[in-house]
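The structure under discussion appears below in the form of C-alpha coordinates.
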Amino acid sequence: MFLTREEERMLDGEKGPAVQKFMKLLVGLGDILGAERLIPVSSVHVSGISIFTVGDAGVEFLSHLSETAKFAVAPTTNPAAFSPEKVPGSMPRALVEKQLSIVRAFEKMGATLTLTCTPYYTVNRPSPGKIVAWAESSAAIYANSVLGAYTNRESSLTALASAITGRTLLYGLRIEENRRPTHLIRLGFKVRSYFAASLLGFYVGMKLGESVPYFENLIAHDDLLKSLGAALATSSACTLFYHKGSILKTKALKTSTLEKICIEERDIMREDYPFSIGVHDSPDKVILGCPHLSLRELRKLCASTKGKKARSDVEVVCCTSSQVYKEARREGIVSKLLKSGVKIEVDCCPTFIPPEYAGARTICTDSCKLAYYASKKYEVYLADRASIVKSFFR
Amino acid sequence: MKYKVKVFGLTSMVKGELLLYPFPLSFLGDVDPNTGRIAVKGFDRSLKGKILLIPEGKGSSVGAYVLFALKKRGNSPLAVVTCKPDITIASGCIVAEIPYAYGIPENELDKLSSYKYALLDPRRNEAVFSKTP
(Lines give C-alpha, C1' and ligand atoms only; values in the text may rest on other atoms or scores of the structure.)
Protein backbone atom coordinates (compact mmCIF):
# COMPACT_ATOMS: atom_id res chain seq x y z
CA MET A 1 0.00 0.00 0.00
CA PHE A 2 1.22 3.50 -0.83
CA LEU A 3 1.95 5.68 2.21
CA THR A 4 2.86 9.37 2.31
CA ARG A 5 6.01 10.49 4.11
CA GLU A 6 3.97 11.55 7.10
CA GLU A 7 2.09 8.24 7.20
CA GLU A 8 5.43 6.39 7.07
CA ARG A 9 6.57 8.38 10.09
CA MET A 10 3.36 7.55 11.94
CA LEU A 11 3.94 3.88 11.18
CA ASP A 12 7.52 4.15 12.46
CA GLY A 13 6.28 5.41 15.80
CA GLU A 14 7.32 9.06 15.57
CA LYS A 15 3.87 10.17 16.71
CA GLY A 16 3.76 7.82 19.66
CA PRO A 17 2.77 4.21 20.32
CA ALA A 18 -0.99 4.63 19.91
CA VAL A 19 -0.70 6.23 16.48
CA GLN A 20 1.80 3.54 15.50
CA LYS A 21 -0.45 0.71 16.68
CA PHE A 22 -3.49 2.00 14.79
CA MET A 23 -1.45 2.84 11.72
CA LYS A 24 -0.29 -0.79 11.76
CA LEU A 25 -3.94 -1.80 11.96
CA LEU A 26 -4.93 0.31 8.94
CA VAL A 27 -1.95 -0.84 6.89
CA GLY A 28 -2.53 -4.49 7.82
CA LEU A 29 -6.21 -4.35 6.92
CA GLY A 30 -5.37 -2.36 3.78
CA ASP A 31 -3.14 -5.25 2.73
CA ILE A 32 -5.89 -7.80 3.30
CA LEU A 33 -8.57 -5.71 1.59
CA GLY A 34 -6.40 -4.59 -1.29
CA ALA A 35 -6.64 -0.85 -0.52
CA GLU A 36 -4.33 1.27 -2.63
CA ARG A 37 -3.71 4.00 -0.10
CA LEU A 38 -5.04 5.88 2.91
CA ILE A 39 -7.18 8.98 2.74
CA PRO A 40 -7.81 11.73 5.35
CA VAL A 41 -11.18 11.71 7.12
CA SER A 42 -13.14 14.81 8.12
CA SER A 43 -15.52 13.10 10.54
CA VAL A 44 -15.56 9.96 12.70
CA HIS A 45 -18.31 8.27 14.70
CA VAL A 46 -17.26 5.50 17.11
CA SER A 47 -19.29 2.55 18.40
CA GLY A 48 -18.59 0.16 21.26
CA ILE A 49 -19.47 2.49 24.13
CA SER A 50 -22.04 0.39 25.98
CA ILE A 51 -20.70 -1.98 28.60
CA PHE A 52 -23.18 -4.56 27.31
CA THR A 53 -21.56 -4.58 23.87
CA VAL A 54 -17.83 -4.30 24.65
CA GLY A 55 -17.74 -6.25 27.92
CA ASP A 56 -14.86 -6.43 30.39
CA ALA A 57 -12.25 -6.88 27.67
CA GLY A 58 -13.40 -3.64 26.03
CA VAL A 59 -13.20 -1.73 29.31
CA GLU A 60 -9.67 -2.92 29.77
CA PHE A 61 -8.62 -2.11 26.21
CA LEU A 62 -10.13 1.38 26.16
CA SER A 63 -8.81 2.35 29.60
CA HIS A 64 -5.34 1.20 28.60
CA LEU A 65 -5.55 3.02 25.26
CA SER A 66 -6.66 6.28 26.87
CA GLU A 67 -3.40 6.42 28.84
CA THR A 68 -1.46 7.28 25.68
CA ALA A 69 -3.89 8.04 22.84
CA LYS A 70 -5.33 11.38 21.75
CA PHE A 71 -7.83 11.70 18.92
CA ALA A 72 -6.62 13.56 15.83
CA VAL A 73 -10.23 13.84 14.64
CA ALA A 74 -12.61 14.16 17.61
CA PRO A 75 -15.25 11.46 17.05
CA THR A 76 -18.86 11.56 18.17
CA THR A 77 -19.84 8.53 20.23
CA ASN A 78 -22.57 5.89 20.20
CA PRO A 79 -24.94 5.52 23.18
CA ALA A 80 -23.97 4.01 26.51
CA ALA A 81 -26.03 1.53 28.56
CA PHE A 82 -27.38 4.45 30.62
CA SER A 83 -26.91 8.19 30.81
CA PRO A 84 -23.88 9.16 32.94
CA GLU A 85 -26.10 11.97 34.24
CA LYS A 86 -28.77 9.54 35.41
CA VAL A 87 -27.27 6.35 36.81
CA PRO A 88 -30.01 3.73 37.24
CA GLY A 89 -30.45 2.25 40.67
CA SER A 90 -31.29 -1.15 39.17
CA MET A 91 -27.77 -1.76 37.90
CA PRO A 92 -25.04 -3.28 40.09
CA ARG A 93 -22.38 -0.80 41.19
CA ALA A 94 -19.57 -2.75 39.45
CA LEU A 95 -21.36 -2.52 36.08
CA VAL A 96 -22.01 1.19 36.59
CA GLU A 97 -18.32 1.77 37.32
CA LYS A 98 -17.29 -0.13 34.19
CA GLN A 99 -19.67 1.87 32.03
CA LEU A 100 -18.46 5.15 33.48
CA SER A 101 -14.83 4.19 32.92
CA ILE A 102 -15.54 3.56 29.22
CA VAL A 103 -17.16 6.98 28.89
CA ARG A 104 -14.25 8.58 30.77
CA ALA A 105 -11.72 6.86 28.49
CA PHE A 106 -13.36 8.34 25.39
CA GLU A 107 -13.61 11.73 27.04
CA LYS A 108 -9.92 11.63 27.98
CA MET A 109 -8.91 10.86 24.40
CA GLY A 110 -10.90 13.89 23.24
CA ALA A 111 -14.20 12.48 21.95
CA THR A 112 -17.32 14.61 21.69
CA LEU A 113 -19.61 12.66 24.01
CA THR A 114 -22.81 12.78 21.99
CA LEU A 115 -23.79 9.30 23.24
CA THR A 116 -26.20 8.79 20.37
CA CYS A 117 -26.60 6.54 17.33
CA THR A 118 -27.80 9.62 15.41
CA PRO A 119 -24.73 11.89 15.41
CA TYR A 120 -26.20 13.63 12.35
CA TYR A 121 -28.80 15.36 14.59
CA THR A 122 -25.95 16.80 16.64
CA VAL A 123 -22.59 18.36 15.79
CA ASN A 124 -21.59 15.64 13.33
CA ARG A 125 -23.45 16.17 10.06
CA PRO A 126 -21.01 15.87 7.15
CA SER A 127 -21.80 17.61 3.88
CA PRO A 128 -22.20 15.62 0.64
CA GLY A 129 -19.03 14.14 -0.81
CA LYS A 130 -17.06 14.15 2.46
CA ILE A 131 -14.89 11.16 3.32
CA VAL A 132 -15.88 9.96 6.79
CA ALA A 133 -15.38 6.88 8.97
CA TRP A 134 -18.53 5.91 10.80
CA ALA A 135 -19.14 2.83 12.87
CA GLU A 136 -22.75 2.07 13.96
CA SER A 137 -24.38 0.46 10.96
CA SER A 138 -27.55 2.62 11.07
CA ALA A 139 -25.47 5.81 11.09
CA ALA A 140 -23.11 4.64 8.34
CA ILE A 141 -25.97 3.77 5.97
CA TYR A 142 -27.59 7.15 6.76
CA ALA A 143 -24.30 8.99 6.10
CA ASN A 144 -23.98 7.36 2.68
CA SER A 145 -27.60 7.34 1.56
CA VAL A 146 -29.18 10.44 3.11
CA LEU A 147 -26.24 12.78 3.70
CA GLY A 148 -24.24 11.77 0.62
CA ALA A 149 -21.01 11.24 2.57
CA TYR A 150 -18.57 8.40 1.80
CA THR A 151 -18.09 5.75 4.44
CA ASN A 152 -17.75 2.04 4.87
CA ARG A 153 -19.40 0.29 7.77
CA GLU A 154 -16.57 0.66 10.24
CA SER A 155 -15.94 -1.60 13.22
CA SER A 156 -15.28 -0.17 16.68
CA LEU A 157 -11.57 -0.64 16.08
CA THR A 158 -11.30 0.78 12.55
CA ALA A 159 -13.30 3.85 13.60
CA LEU A 160 -10.94 4.29 16.55
CA ALA A 161 -8.03 3.94 14.12
CA SER A 162 -9.43 6.78 12.00
CA ALA A 163 -10.03 9.01 15.02
CA ILE A 164 -6.46 8.42 16.24
CA THR A 165 -4.63 8.65 12.89
CA GLY A 166 -7.00 10.94 10.97
CA ARG A 167 -6.91 8.45 8.08
CA THR A 168 -9.04 5.69 6.66
CA LEU A 169 -8.68 3.10 3.92
CA LEU A 170 -9.52 4.02 0.35
CA TYR A 171 -11.65 1.01 -0.60
CA GLY A 172 -15.24 -0.23 -0.70
CA LEU A 173 -17.92 2.47 -0.68
CA ARG A 174 -15.30 5.20 -0.76
CA ILE A 175 -14.71 4.32 -4.41
CA GLU A 176 -17.30 5.61 -6.86
CA GLU A 177 -17.64 2.43 -8.93
CA ASN A 178 -18.53 0.38 -5.84
CA ARG A 179 -21.44 2.74 -5.14
CA ARG A 180 -23.43 1.76 -8.21
CA PRO A 181 -26.84 0.24 -7.50
CA THR A 182 -27.09 -3.52 -7.86
CA HIS A 183 -30.89 -3.95 -7.78
CA LEU A 184 -33.82 -1.84 -8.92
CA ILE A 185 -36.77 -2.03 -6.56
CA ARG A 186 -40.31 -1.01 -7.49
CA LEU A 187 -42.77 -0.70 -4.62
CA GLY A 188 -46.43 -1.52 -5.09
CA PHE A 189 -47.37 0.53 -2.01
CA LYS A 190 -46.68 3.84 -0.34
CA VAL A 191 -44.38 3.85 2.68
CA ARG A 192 -46.11 6.05 5.25
CA SER A 193 -44.99 4.83 8.65
CA TYR A 194 -41.69 4.12 10.41
CA PHE A 195 -43.00 0.61 10.89
CA ALA A 196 -43.51 0.05 7.13
CA ALA A 197 -40.16 1.68 6.29
CA SER A 198 -38.44 -0.53 8.86
CA LEU A 199 -40.12 -3.73 7.66
CA LEU A 200 -39.29 -2.87 4.06
CA GLY A 201 -35.63 -2.39 4.94
CA PHE A 202 -35.52 -5.60 6.97
CA TYR A 203 -37.16 -7.60 4.19
CA VAL A 204 -34.91 -6.24 1.43
CA GLY A 205 -31.79 -6.92 3.50
CA MET A 206 -32.91 -10.50 4.13
CA LYS A 207 -33.71 -11.03 0.47
CA LEU A 208 -30.66 -9.41 -1.14
CA GLY A 209 -27.85 -9.62 1.44
CA GLU A 210 -24.91 -7.38 0.61
CA SER A 211 -26.18 -5.10 -2.15
CA VAL A 212 -26.84 -1.49 -3.18
CA PRO A 213 -30.62 -1.31 -3.71
CA TYR A 214 -32.27 1.51 -5.62
CA PHE A 215 -35.87 2.13 -4.52
CA GLU A 216 -36.91 3.82 -7.74
CA ASN A 217 -40.37 5.00 -6.68
CA LEU A 218 -39.83 5.52 -2.97
CA ILE A 219 -40.39 9.11 -1.89
CA ALA A 220 -39.78 9.52 1.82
CA HIS A 221 -38.57 12.11 4.32
CA ASP A 222 -35.31 11.68 6.20
CA ASP A 223 -36.87 10.10 9.29
CA LEU A 224 -38.46 7.31 7.26
CA LEU A 225 -35.18 6.80 5.42
CA LYS A 226 -33.49 6.50 8.80
CA SER A 227 -35.90 3.68 9.78
CA LEU A 228 -35.51 1.92 6.46
CA GLY A 229 -31.71 2.16 6.51
CA ALA A 230 -31.35 0.97 10.10
CA ALA A 231 -33.37 -2.17 9.36
CA LEU A 232 -31.64 -2.81 6.02
CA ALA A 233 -28.26 -2.60 7.75
CA THR A 234 -29.51 -4.98 10.48
CA SER A 235 -30.56 -7.83 8.21
CA SER A 236 -27.67 -7.41 5.74
CA ALA A 237 -24.23 -5.92 5.17
CA CYS A 238 -25.81 -3.25 2.96
CA THR A 239 -24.48 0.25 3.76
CA LEU A 240 -25.85 2.32 0.86
CA PHE A 241 -29.22 2.64 -0.87
CA TYR A 242 -30.82 5.01 -3.33
CA HIS A 243 -34.38 6.34 -3.51
CA LYS A 244 -36.38 8.74 -5.63
CA GLY A 245 -35.37 12.32 -4.95
CA SER A 246 -32.15 11.17 -3.33
CA ILE A 247 -29.40 13.69 -2.70
CA LEU A 248 -27.20 11.26 -4.63
CA LYS A 249 -27.15 11.83 -8.36
CA THR A 250 -29.63 9.18 -9.39
CA LYS A 251 -30.19 10.56 -12.89
CA ALA A 252 -26.69 9.56 -13.95
CA LEU A 253 -27.21 5.99 -12.78
CA LYS A 254 -27.48 3.27 -15.40
CA THR A 255 -30.39 1.15 -14.25
CA SER A 256 -31.55 -0.62 -17.43
CA THR A 257 -29.32 -3.65 -16.83
CA LEU A 258 -30.13 -4.04 -13.14
CA GLU A 259 -32.11 -6.91 -11.74
CA LYS A 260 -35.65 -5.65 -11.09
CA ILE A 261 -37.69 -6.61 -8.06
CA CYS A 262 -41.31 -5.70 -7.33
CA ILE A 263 -42.35 -5.60 -3.68
CA GLU A 264 -45.93 -5.49 -2.42
CA GLU A 265 -46.98 -4.61 1.10
CA ARG A 266 -47.97 -8.23 1.85
CA ASP A 267 -44.42 -9.38 0.95
CA ILE A 268 -42.84 -7.52 3.84
CA MET A 269 -45.32 -8.84 6.47
CA ARG A 270 -43.69 -12.21 6.85
CA GLU A 271 -44.19 -14.71 9.60
CA ASP A 272 -40.64 -16.00 9.76
CA TYR A 273 -39.11 -12.95 11.44
CA PRO A 274 -37.65 -13.49 14.93
CA PHE A 275 -40.30 -11.09 16.32
CA SER A 276 -44.09 -10.95 16.06
CA ILE A 277 -45.93 -8.38 14.00
CA GLY A 278 -48.81 -6.64 15.75
CA VAL A 279 -49.60 -4.94 19.04
CA HIS A 280 -49.32 -7.06 22.19
CA ASP A 281 -52.17 -6.49 24.69
CA SER A 282 -49.99 -5.69 27.64
CA PRO A 283 -46.25 -5.52 27.03
CA ASP A 284 -44.02 -4.49 29.95
CA LYS A 285 -42.45 -1.78 27.87
CA VAL A 286 -43.04 0.22 24.71
CA ILE A 287 -39.79 1.55 23.25
CA LEU A 288 -39.64 4.15 20.50
CA GLY A 289 -36.41 5.62 19.23
CA CYS A 290 -34.20 3.01 17.62
CA PRO A 291 -32.37 4.82 16.04
CA HIS A 292 -32.75 7.80 18.40
CA LEU A 293 -35.75 10.05 17.71
CA SER A 294 -35.39 13.29 15.79
CA LEU A 295 -36.97 16.54 16.91
CA ARG A 296 -39.61 16.13 14.22
CA GLU A 297 -40.52 12.67 15.48
CA LEU A 298 -40.85 13.99 19.04
CA ARG A 299 -43.09 16.82 17.79
CA LYS A 300 -45.32 14.33 15.98
CA LEU A 301 -45.50 12.03 18.96
CA CYS A 302 -46.37 14.99 21.17
CA ALA A 303 -49.16 15.99 18.80
CA SER A 304 -50.58 12.45 18.59
CA THR A 305 -50.62 11.95 22.37
CA LYS A 306 -52.07 15.36 23.13
CA GLY A 307 -54.74 15.20 25.81
CA LYS A 308 -54.09 11.47 26.32
CA LYS A 309 -52.30 9.55 29.01
CA ALA A 310 -50.24 6.38 28.77
CA ARG A 311 -51.80 3.31 30.38
CA SER A 312 -50.44 2.88 33.90
CA ASP A 313 -49.63 -0.81 33.35
CA VAL A 314 -47.27 -0.13 30.42
CA GLU A 315 -44.02 1.81 30.56
CA VAL A 316 -43.69 3.98 27.43
CA VAL A 317 -40.10 5.01 26.74
CA CYS A 318 -38.70 7.31 24.06
CA CYS A 319 -34.99 7.32 23.33
CA THR A 320 -33.18 10.32 21.90
CA SER A 321 -29.94 12.25 22.19
CA SER A 322 -29.42 14.86 24.88
CA GLN A 323 -28.92 17.43 22.11
CA VAL A 324 -32.36 16.78 20.59
CA TYR A 325 -33.82 16.56 24.11
CA LYS A 326 -32.62 20.09 24.86
CA GLU A 327 -34.20 21.43 21.68
CA ALA A 328 -37.45 19.61 22.49
CA ARG A 329 -37.43 21.01 26.01
CA ARG A 330 -37.05 24.52 24.64
CA GLU A 331 -40.11 23.93 22.46
CA GLY A 332 -42.10 22.72 25.43
CA ILE A 333 -42.47 19.22 23.99
CA VAL A 334 -40.70 17.45 26.83
CA SER A 335 -43.11 18.66 29.51
CA LYS A 336 -46.11 17.76 27.37
CA LEU A 337 -44.82 14.26 26.71
CA LEU A 338 -44.03 13.75 30.39
CA LYS A 339 -47.55 14.85 31.20
CA SER A 340 -48.85 12.21 28.79
CA GLY A 341 -46.90 9.63 30.77
CA VAL A 342 -44.06 9.20 28.27
CA LYS A 343 -40.58 8.65 29.70
CA ILE A 344 -37.76 10.21 27.73
CA GLU A 345 -34.34 8.62 28.00
CA VAL A 346 -31.16 10.16 26.63
CA ASP A 347 -27.58 9.01 25.99
CA CYS A 348 -28.50 5.34 26.09
CA CYS A 349 -29.48 2.34 24.02
CA PRO A 350 -31.96 -0.15 25.50
CA THR A 351 -31.29 -2.76 22.80
CA PHE A 352 -28.61 -4.80 24.53
CA ILE A 353 -29.67 -4.28 28.15
CA PRO A 354 -30.33 -7.70 29.68
CA PRO A 355 -33.94 -8.19 30.87
CA GLU A 356 -32.91 -8.47 34.53
CA TYR A 357 -31.80 -4.82 34.52
CA ALA A 358 -34.57 -3.54 32.27
CA GLY A 359 -37.40 -4.89 34.39
CA ALA A 360 -39.19 -6.15 31.30
CA ARG A 361 -39.77 -9.36 29.37
CA THR A 362 -42.14 -8.24 26.66
CA ILE A 363 -41.40 -5.25 24.45
CA CYS A 364 -43.40 -3.46 21.81
CA THR A 365 -41.57 -1.24 19.29
CA ASP A 366 -41.73 -0.02 15.70
CA SER A 367 -38.07 -0.66 14.91
CA CYS A 368 -36.93 -3.90 13.27
CA LYS A 369 -33.40 -3.21 14.45
CA LEU A 370 -34.41 -3.11 18.10
CA ALA A 371 -36.86 -5.97 17.55
CA TYR A 372 -34.22 -8.18 15.93
CA TYR A 373 -31.51 -7.72 18.57
CA ALA A 374 -33.87 -7.65 21.55
CA SER A 375 -35.64 -10.83 20.33
CA LYS A 376 -32.63 -12.83 21.54
CA LYS A 377 -33.59 -12.06 25.14
CA TYR A 378 -37.09 -10.61 25.06
CA GLU A 379 -40.45 -11.36 23.53
CA VAL A 380 -40.82 -8.59 20.96
CA TYR A 381 -43.83 -7.22 19.10
CA LEU A 382 -43.46 -4.89 16.15
CA ALA A 383 -46.26 -2.40 15.57
CA ASP A 384 -47.00 0.84 13.85
CA ARG A 385 -46.52 4.02 15.93
CA ALA A 386 -50.14 5.06 15.35
CA SER A 387 -51.44 1.70 16.64
CA ILE A 388 -49.10 1.95 19.61
CA VAL A 389 -50.54 5.34 20.54
CA LYS A 390 -54.06 4.01 19.99
CA SER A 391 -53.52 0.91 22.14
CA PHE A 392 -51.47 2.33 25.00
CA PHE A 393 -52.83 5.85 25.45
CA ARG A 394 -56.26 6.68 26.81
CA MET B 1 3.10 -29.82 4.95
CA LYS B 2 3.92 -26.40 3.60
CA TYR B 3 1.53 -23.64 2.53
CA LYS B 4 1.86 -20.19 1.05
CA VAL B 5 0.28 -17.75 3.52
CA LYS B 6 0.30 -14.06 4.29
CA VAL B 7 1.95 -13.29 7.64
CA PHE B 8 1.39 -10.15 9.74
CA GLY B 9 3.15 -8.87 12.85
CA LEU B 10 6.27 -11.03 12.66
CA THR B 11 9.84 -10.09 11.81
CA SER B 12 11.36 -13.51 12.37
CA MET B 13 10.21 -17.11 12.33
CA VAL B 14 7.96 -18.43 15.08
CA LYS B 15 7.57 -22.07 15.94
CA GLY B 16 5.30 -23.83 18.37
CA GLU B 17 2.73 -26.43 19.25
CA LEU B 18 -0.29 -26.44 16.94
CA LEU B 19 -3.85 -26.16 18.21
CA LEU B 20 -6.35 -26.89 15.46
CA TYR B 21 -9.95 -25.90 16.16
CA PRO B 22 -11.85 -26.98 13.04
CA PHE B 23 -14.92 -24.71 13.48
CA PRO B 24 -15.52 -20.96 13.14
CA LEU B 25 -14.49 -19.43 16.46
CA SER B 26 -16.05 -16.50 18.31
CA PHE B 27 -13.40 -15.08 20.63
CA LEU B 28 -16.20 -13.38 22.53
CA GLY B 29 -17.95 -16.21 24.32
CA ASP B 30 -15.93 -19.22 23.15
CA VAL B 31 -12.63 -18.13 24.72
CA ASP B 32 -12.06 -17.25 28.37
CA PRO B 33 -9.41 -14.52 28.60
CA ASN B 34 -8.77 -15.39 32.27
CA THR B 35 -7.67 -18.93 31.50
CA GLY B 36 -6.79 -18.90 27.80
CA ARG B 37 -9.07 -21.85 27.18
CA ILE B 38 -11.39 -22.46 24.28
CA ALA B 39 -14.38 -23.86 26.12
CA VAL B 40 -17.25 -24.89 23.89
CA LYS B 41 -19.42 -27.99 23.92
CA GLY B 42 -17.20 -30.99 23.27
CA PHE B 43 -13.95 -29.02 23.16
CA ASP B 44 -11.94 -27.69 26.09
CA ARG B 45 -8.29 -26.90 25.46
CA SER B 46 -5.90 -24.08 26.20
CA LEU B 47 -4.68 -21.89 23.35
CA LYS B 48 -2.03 -20.26 25.53
CA GLY B 49 1.38 -20.28 23.85
CA LYS B 50 0.11 -22.32 20.88
CA ILE B 51 -0.24 -21.56 17.21
CA LEU B 52 -4.00 -21.53 16.83
CA LEU B 53 -5.39 -22.65 13.47
CA ILE B 54 -9.08 -22.06 12.74
CA PRO B 55 -11.03 -21.87 9.49
CA GLU B 56 -12.40 -18.41 10.29
CA GLY B 57 -13.87 -16.24 13.01
CA LYS B 58 -17.53 -15.65 13.71
CA GLY B 59 -19.72 -13.51 15.91
CA SER B 60 -19.20 -10.15 17.51
CA SER B 61 -16.49 -7.76 16.34
CA VAL B 62 -15.90 -7.19 20.05
CA GLY B 63 -13.92 -10.44 19.82
CA ALA B 64 -10.99 -8.19 18.91
CA TYR B 65 -10.94 -6.91 22.50
CA VAL B 66 -10.79 -10.47 23.83
CA LEU B 67 -7.51 -11.01 21.96
CA PHE B 68 -6.15 -7.93 23.72
CA ALA B 69 -7.34 -9.23 27.11
CA LEU B 70 -5.69 -12.62 26.46
CA LYS B 71 -2.39 -10.91 25.66
CA LYS B 72 -2.54 -8.65 28.70
CA ARG B 73 -3.11 -11.59 31.03
CA GLY B 74 -0.30 -13.58 29.45
CA ASN B 75 -2.73 -16.15 28.07
CA SER B 76 -2.49 -15.33 24.37
CA PRO B 77 -1.75 -17.77 21.57
CA LEU B 78 1.71 -17.58 20.00
CA ALA B 79 0.00 -16.79 16.68
CA VAL B 80 -3.41 -17.10 15.04
CA VAL B 81 -3.84 -18.61 11.57
CA THR B 82 -7.09 -18.58 9.59
CA CYS B 83 -8.03 -19.96 6.18
CA LYS B 84 -9.74 -16.92 4.69
CA PRO B 85 -8.63 -13.43 5.74
CA ASP B 86 -10.69 -12.40 8.76
CA ILE B 87 -10.99 -8.68 9.47
CA THR B 88 -12.11 -9.01 13.09
CA ILE B 89 -9.37 -11.45 14.03
CA ALA B 90 -6.75 -9.53 12.04
CA SER B 91 -7.79 -6.30 13.82
CA GLY B 92 -7.63 -7.92 17.24
CA CYS B 93 -4.27 -9.56 16.56
CA ILE B 94 -2.71 -6.36 15.23
CA VAL B 95 -3.75 -4.20 18.19
CA ALA B 96 -2.88 -6.96 20.67
CA GLU B 97 0.46 -7.56 18.92
CA ILE B 98 -0.21 -11.24 18.30
CA PRO B 99 1.18 -12.55 14.99
CA TYR B 100 -1.53 -13.34 12.44
CA ALA B 101 -1.52 -15.27 9.16
CA TYR B 102 -4.12 -16.42 6.66
CA GLY B 103 -4.19 -18.55 3.55
CA ILE B 104 -4.42 -22.24 4.55
CA PRO B 105 -6.89 -23.91 2.14
CA GLU B 106 -9.96 -24.93 4.09
CA ASN B 107 -10.09 -28.42 2.62
CA GLU B 108 -6.64 -29.13 4.11
CA LEU B 109 -7.81 -28.82 7.73
CA ASP B 110 -8.84 -32.50 7.90
CA LYS B 111 -5.39 -33.57 6.85
CA LEU B 112 -3.72 -31.23 9.33
CA SER B 113 -5.61 -32.69 12.29
CA SER B 114 -2.87 -35.26 12.83
CA TYR B 115 -0.10 -32.63 12.87
CA LYS B 116 1.31 -31.39 16.15
CA TYR B 117 3.64 -28.46 15.37
CA ALA B 118 3.61 -25.36 13.21
CA LEU B 119 6.07 -22.77 12.00
CA LEU B 120 5.36 -19.35 10.49
CA ASP B 121 7.99 -17.76 8.28
CA PRO B 122 7.31 -14.06 7.57
CA ARG B 123 10.18 -13.72 5.08
CA ARG B 124 8.93 -16.49 2.80
CA ASN B 125 5.28 -16.03 3.80
CA GLU B 126 5.02 -19.73 4.58
CA ALA B 127 3.31 -21.92 7.15
CA VAL B 128 4.94 -25.30 7.75
CA PHE B 129 3.27 -28.09 9.71
CA SER B 130 5.01 -31.14 11.16
CA LYS B 131 4.25 -34.16 13.33
CA THR B 132 7.41 -33.91 15.39
CA PRO B 133 9.10 -30.82 16.87
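Ligands are numbered from 1 in the order shown, residues from 1 within each chain, and chains are lettered A, B, ... in the order they appear in the C-alpha coordinates.
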
Which residues of chain B come within 7 Å of chain A, and what is each one's closest atom pair and distance in Å (one decimal), counting only C-alpha atoms, sorted by chain and residue number, as CSV?
residue,atom,partner,partner_atom,distance
B:Ser61,CA,A:Ser155,CA,6.9
B:Val62,CA,A:Val54,CA,5.8
B:Tyr65,CA,A:Ala57,CA,5.3
B:Val66,CA,A:Ala57,CA,5.4
B:Phe68,CA,A:Phe61,CA,6.8
B:Ala69,CA,A:Ala57,CA,5.5
B:Pro85,CA,A:Ile32,CA,6.7
B:Ile87,CA,A:Leu29,CA,6.9
B:Ser91,CA,A:Leu25,CA,6.2
B:Ile94,CA,A:Leu25,CA,5.7
B:Val95,CA,A:Lys21,CA,6.1

Determine, counting only C-alpha atoms, which protein, DNA and RNA residues have an atom within 8 Å of an atom of range 118-130 of chain B; residues of the same chain fewer than 5 positions away are not included. Present the result as an NGL selection string.
:B and (1-8 or 10-18 or 51 or 112)

Which is closest to Cys117 in chain A among A:Ser321, A:Ser198, A:Asn78, A:Thr4, if we use only C-alpha atoms?
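Checking each of A:Ser321, A:Ser198, A:Asn78, A:Thr4 against Cys117 in chain A, counting only C-alpha atoms, the winner is A:Asn78.
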
Check range 183-287 of chain A with DSSP on the backbone and list each residue it calls strand (DSSP E or B), as a ChimeraX atom specification.
/A:183-187,213-215,242-243,259-263,276-277,285-287

Distance query Ile98 in chain B at most 8 Å, only C-alpha atoms, self and fewer than 6 positions along chain excluded, as a count of residues only:
7

Find, counting only C-alpha atoms, the residue in A:Ala135, A:Ile344, A:Ala163, A:Cys368 that gets nearest to Leu298 in chain A.
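For Leu298 in chain A, the nearest of the candidates is A:Ile344.
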
From a DSSP pass on the backbone, collect the residues of range 4-118 of chain B flagged as helix (DSSP H, G or I) and hand them back as a PyMOL selection string.
chain B and resi 27-30+63-72+87-96+106-112

Excluding Pro274 in chain A and any residue of its chain fewer than 3 positions from it, enumerate the residues within 12 Å of it, using only C-alpha atoms, and give them as a short mmCIF file (atom, residue, chain, number, x, y, z; two decimals) with N, CA and C atoms, in the first residue's frame.
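Written out: part-v5.cif:
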data_model
loop_
_atom_site.label_atom_id
_atom_site.label_comp_id
_atom_site.auth_asym_id
_atom_site.auth_seq_id
_atom_site.Cartn_x
_atom_site.Cartn_y
_atom_site.Cartn_z
N PHE A 202 -35.88 -4.29 6.42
CA PHE A 202 -35.52 -5.60 6.97
C PHE A 202 -35.72 -6.69 5.93
N SER A 235 -30.38 -6.50 8.79
CA SER A 235 -30.56 -7.83 8.21
C SER A 235 -29.56 -8.12 7.09
N ARG A 270 -43.93 -10.77 6.82
CA ARG A 270 -43.69 -12.21 6.85
C ARG A 270 -43.86 -12.77 8.25
N GLU A 271 -44.00 -14.09 8.29
CA GLU A 271 -44.19 -14.71 9.60
C GLU A 271 -42.92 -15.35 10.13
N ILE A 277 -45.39 -9.63 14.53
CA ILE A 277 -45.93 -8.38 14.00
C ILE A 277 -47.32 -8.15 14.58
N CYS A 368 -37.40 -2.52 13.50
CA CYS A 368 -36.93 -3.90 13.27
C CYS A 368 -35.54 -4.12 13.86
N LYS A 369 -34.74 -3.06 13.90
CA LYS A 369 -33.40 -3.21 14.45
C LYS A 369 -33.48 -3.59 15.93
N LEU A 370 -34.22 -2.80 16.68
CA LEU A 370 -34.41 -3.11 18.10
C LEU A 370 -35.08 -4.48 18.26
N ALA A 371 -36.11 -4.72 17.44
CA ALA A 371 -36.86 -5.97 17.55
C ALA A 371 -35.95 -7.18 17.31
N TYR A 372 -35.10 -7.06 16.29
CA TYR A 372 -34.22 -8.18 15.93
C TYR A 372 -33.24 -8.49 17.07
N TYR A 373 -32.53 -7.46 17.54
CA TYR A 373 -31.51 -7.72 18.57
C TYR A 373 -32.15 -8.09 19.90
N ALA A 374 -33.23 -7.39 20.25
CA ALA A 374 -33.87 -7.65 21.55
C ALA A 374 -34.54 -9.02 21.56
N SER A 375 -34.92 -9.55 20.36
CA SER A 375 -35.64 -10.83 20.33
C SER A 375 -34.79 -11.98 20.85
N LYS A 376 -33.48 -11.77 20.99
CA LYS A 376 -32.63 -12.83 21.54
C LYS A 376 -32.89 -13.01 23.03
N LYS A 377 -33.38 -11.96 23.68
CA LYS A 377 -33.59 -12.06 25.14
C LYS A 377 -35.00 -11.68 25.59
N TYR A 378 -35.75 -11.06 24.69
CA TYR A 378 -37.09 -10.61 25.06
C TYR A 378 -38.11 -11.18 24.09
N GLU A 379 -39.38 -11.09 24.48
CA GLU A 379 -40.45 -11.36 23.53
C GLU A 379 -40.78 -10.01 22.91
N VAL A 380 -40.69 -9.90 21.58
CA VAL A 380 -40.82 -8.59 20.96
C VAL A 380 -41.96 -8.54 19.95
N TYR A 381 -42.73 -7.46 20.04
CA TYR A 381 -43.83 -7.22 19.10
C TYR A 381 -43.55 -5.94 18.32
N LEU A 382 -43.72 -6.03 17.01
CA LEU A 382 -43.46 -4.89 16.15
C LEU A 382 -44.79 -4.31 15.70
#
